[in-house]
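Q: Encoded as structure tokens, here's the structure I'll be asking about.
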Amino acid sequence: MNYIETNITDVFIVEPKVFGDDRGYFFESFNQKAFEKHVGKIDFIQDNESKSTKGVLRGLHFQKPPYTQSKLLRCIEGEILDVVVDLRQDSTTYKQSLSIVLSGENKKQIFVPKGFAHGFLVLSETATIAYKVDQYYAPDYDSGMAWNDEEINVDWGINADEIQLSEKDKGLKPLSETENPF
Ligand SMILES: Cc1cn([C@H]2C[C@H](O)[C@@H](COP(=O)(O)OP(=O)(O)O[C@H]3O[C@@H](C)C(=O)[C@@H](O)[C@H]3O)O2)c(=O)[nH]c1=O
């Protein structure tokens, strides 16, 4: 497993070692010892899976303290553009975003630390994603910011009229109008 640093501190791309043979393939999708060696101590306590159709954008989400979450996310089937935004106000990369294509083919994973807004856009007909989190879901502490915040200026590579949002996500505001607990 390769743990690749990114231009945003504490955000890692994980590339599993895939063993292919004539039956198919095998890979370790998570190994706590290797993870803690490269990234740091973690206690993932909930696993999530979601499936979405092309053009669905979920995000940009975060949970507020004391229920902030780190996430280790991968795309099992299909292809997504995954985006994280650094909300840590003391970070040198505050308000910077990072985008990466995750797919069932490339099997890459992204580690999203606490203090980030996170979202993704489905690029393929359908996409199934799976992620581990280190804090339980806390709906009262659920929050987020608008995917199309002009100040953050994420290039989603798609027109707004092709994007499908949840009612909740349609109501999200730009970061400047959002309480940032980080
Ligand atoms: C996230 C979550 C949702 N739910 C429920 C609440 C709701 O009825 C239904 C759908 O919830 P949402 O609309 O919030 O799901 P979704 O928009 O997929 O939310 C997720 O988006 C991605 C981008 C993230 O980063 C995640 O942390 C999470 O915020 O599932 C849980 O029971 N547990 C959970 O951990």
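Identifiers in the structure tokens: chain A, B, ... in order shown; residue index from 1 per chain; ligand index from 1 in order shown.
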Distance limit 8 Å, reference ligand 1, atoms considered: only C-alpha atoms and all ligand atoms. Which residues make the cut? Give them as a list in words.

A: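 Taking only C-alpha atoms and all ligand atoms into account, the residues around ligand 1 at most 8 Å away are Gln46, Asn48, Ser50, Leu57, Arg58, Gly59, Leu60, His61, Phe62, Gln63, Gln69, Lys71, Ala117, His118, Gly119, Phe120, Val133, Tyr136, Tyr137, Ala138, Pro139, Asp142, Ser166, Lys168 and Asp169 of chain A.
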
Q: May I have all residues of chain A that DSSP, computed from the backbone, assigns to strand (DSSP E or B), given as a count of residues only?

A: 75

Q: Skipping near chain neighbours, those fewer than 5 positions away, what residues fall within 12 Å of Gln164 in chain A using only C-alpha atoms, listed as a ChimeraX atom specification?

A: /A:52-59,120-123,147,158-159,169-170

Q: Would you give me, as CSV, each residue of range 76-163 of chain A having an atom within 8 Å of an atom of range 23-44 of chain A, along with its shortest atom pair and that distance in Å to one decimal, using only C-alpha atoms and sorting by chain and residue number?

A:
residue,atom,partner,partner_atom,distance
A:Lys132,CA,A:Phe44,CA,6.0
A:Val133,CA,A:Phe44,CA,5.2
A:Asp134,CA,A:Phe44,CA,4.0
A:Gln135,CA,A:Phe44,CA,7.2

Q: Just want the 10 Å neighbourhood of Asn7 in chain A, counted on only C-alpha atoms, with same-chain residues fewer than 2 positions away dropped. Output as a short mmCIF file (atom, residue, chain, number, x, y, z; two decimals) with C-alpha atoms, in the first residue's frame.

A:
data_model
loop_
_atom_site.label_atom_id
_atom_site.label_comp_id
_atom_site.auth_asym_id
_atom_site.auth_seq_id
_atom_site.Cartn_x
_atom_site.Cartn_y
_atom_site.Cartn_z
CA GLU A 5 1.22 12.95 0.58
CA THR A 9 -1.10 18.67 4.86
CA ASP A 10 -2.65 15.55 6.40
CA VAL A 11 -4.63 14.63 3.27
CA PHE A 12 -3.31 11.35 1.86
CA THR A 93 -3.79 25.74 2.82
CA GLN A 96 -7.73 25.42 -0.71
CA SER A 97 -9.34 22.41 -2.33
CA LEU A 98 -8.00 19.15 -3.67
#

Q: Name the residues in contact with Ser124 in chain A at a cut-off of 12 Å, using only C-alpha atoms, excluding same-chain residues fewer than 6 positions from it; report them as number ranges by chain.

A: A: 51-56, 75, 77-81, 101-105

Q: Let me see the file: selected residues, C-alpha atoms, as an mmCIF file, in the first residue's frame.

A:
data_model
loop_
_atom_site.group_PDB
_atom_site.id
_atom_site.type_symbol
_atom_site.label_atom_id
_atom_site.label_comp_id
_atom_site.auth_asym_id
_atom_site.auth_seq_id
_atom_site.Cartn_x
_atom_site.Cartn_y
_atom_site.Cartn_z
ATOM 1 C CA LYS A 51 -24.711 4.503 -4.473
ATOM 2 C CA SER A 52 -25.586 7.384 -6.767
ATOM 3 C CA THR A 53 -26.288 8.017 -10.409
ATOM 4 C CA LYS A 54 -24.405 10.206 -12.900
ATOM 5 C CA GLY A 55 -24.449 13.900 -12.042
ATOM 6 C CA VAL A 56 -25.299 13.369 -8.385
ATOM 7 C CA CYS A 75 -15.088 4.117 -4.991
ATOM 8 C CA GLU A 77 -17.858 0.689 -8.657
ATOM 9 C CA GLY A 78 -17.946 3.499 -11.210
ATOM 10 C CA GLU A 79 -16.041 6.782 -11.072
ATOM 11 C CA ILE A 80 -16.285 9.914 -8.943
ATOM 12 C CA LEU A 81 -14.550 13.250 -8.644
ATOM 13 C CA VAL A 101 -10.751 10.884 -9.470
ATOM 14 C CA LEU A 102 -11.496 7.706 -7.533
ATOM 15 C CA SER A 103 -12.828 4.683 -9.361
ATOM 16 C CA GLY A 104 -13.478 0.997 -9.125
ATOM 17 C CA GLU A 105 -10.673 0.667 -11.637
#

Q: Point out the residue among A:Phe111, A:Tyr94, A:Tyr3, A:Trp156 with the least atom-to-atom distance to Tyr131 in chain A, counting only C-alpha atoms.

A: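 Smallest distance to Tyr131 in chain A is found for A:Phe111.
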
Q: To test your reading of the structure, identify every residue in range 16-111 of chain A that backbone DSSP assigns to alpha helix (DSSP H), and report it as a VMD selection string.

A: chain A and resid 32 to 38

Q: Between CA of Asp82 in chain A and CA of Ile100 in chain A, what distance in Å does the model show, to one decimal?

A: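 CA of Ile100 in chain A lies 5.3 Å from CA of Asp82 in chain A.
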
Q: Restricting the calculation to only C-alpha atoms: of A:Thr126, A:Lys17, A:Phe116, A:Ile76, which residue gets closest to Lys64 in chain A?

A: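 Once distances to Lys64 in chain A are computed over only C-alpha atoms, the minimum belongs to A:Phe116.
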
Q: Find the spatial neighbours of Lys173 in chain A, counting only C-alpha atoms, within a cut-off of 7 Å - ignore same-chain residues fewer than 5 positions away - and output them as a PDB file with N, CA and C atoms, in the first residue's frame.

A:
ATOM      1  N   MET A 145     -21.161  23.193   3.365  1.00  0.00           N
ATOM      2  CA  MET A 145     -21.071  24.450   2.622  1.00  0.00           C
ATOM      3  C   MET A 145     -21.405  24.170   1.162  1.00  0.00           C
ATOM      4  N   ALA A 146     -21.722  25.227   0.436  1.00  0.00           N
ATOM      5  CA  ALA A 146     -22.186  25.072  -0.944  1.00  0.00           C
ATOM      6  C   ALA A 146     -21.079  24.529  -1.852  1.00  0.00           C
ATOM      7  N   THR A 178     -21.218  30.467   6.412  1.00  0.00           N
ATOM      8  CA  THR A 178     -21.367  29.212   7.155  1.00  0.00           C
ATOM      9  C   THR A 178     -20.529  29.291   8.428  1.00  0.00           C
TER      10      THR A 178
END
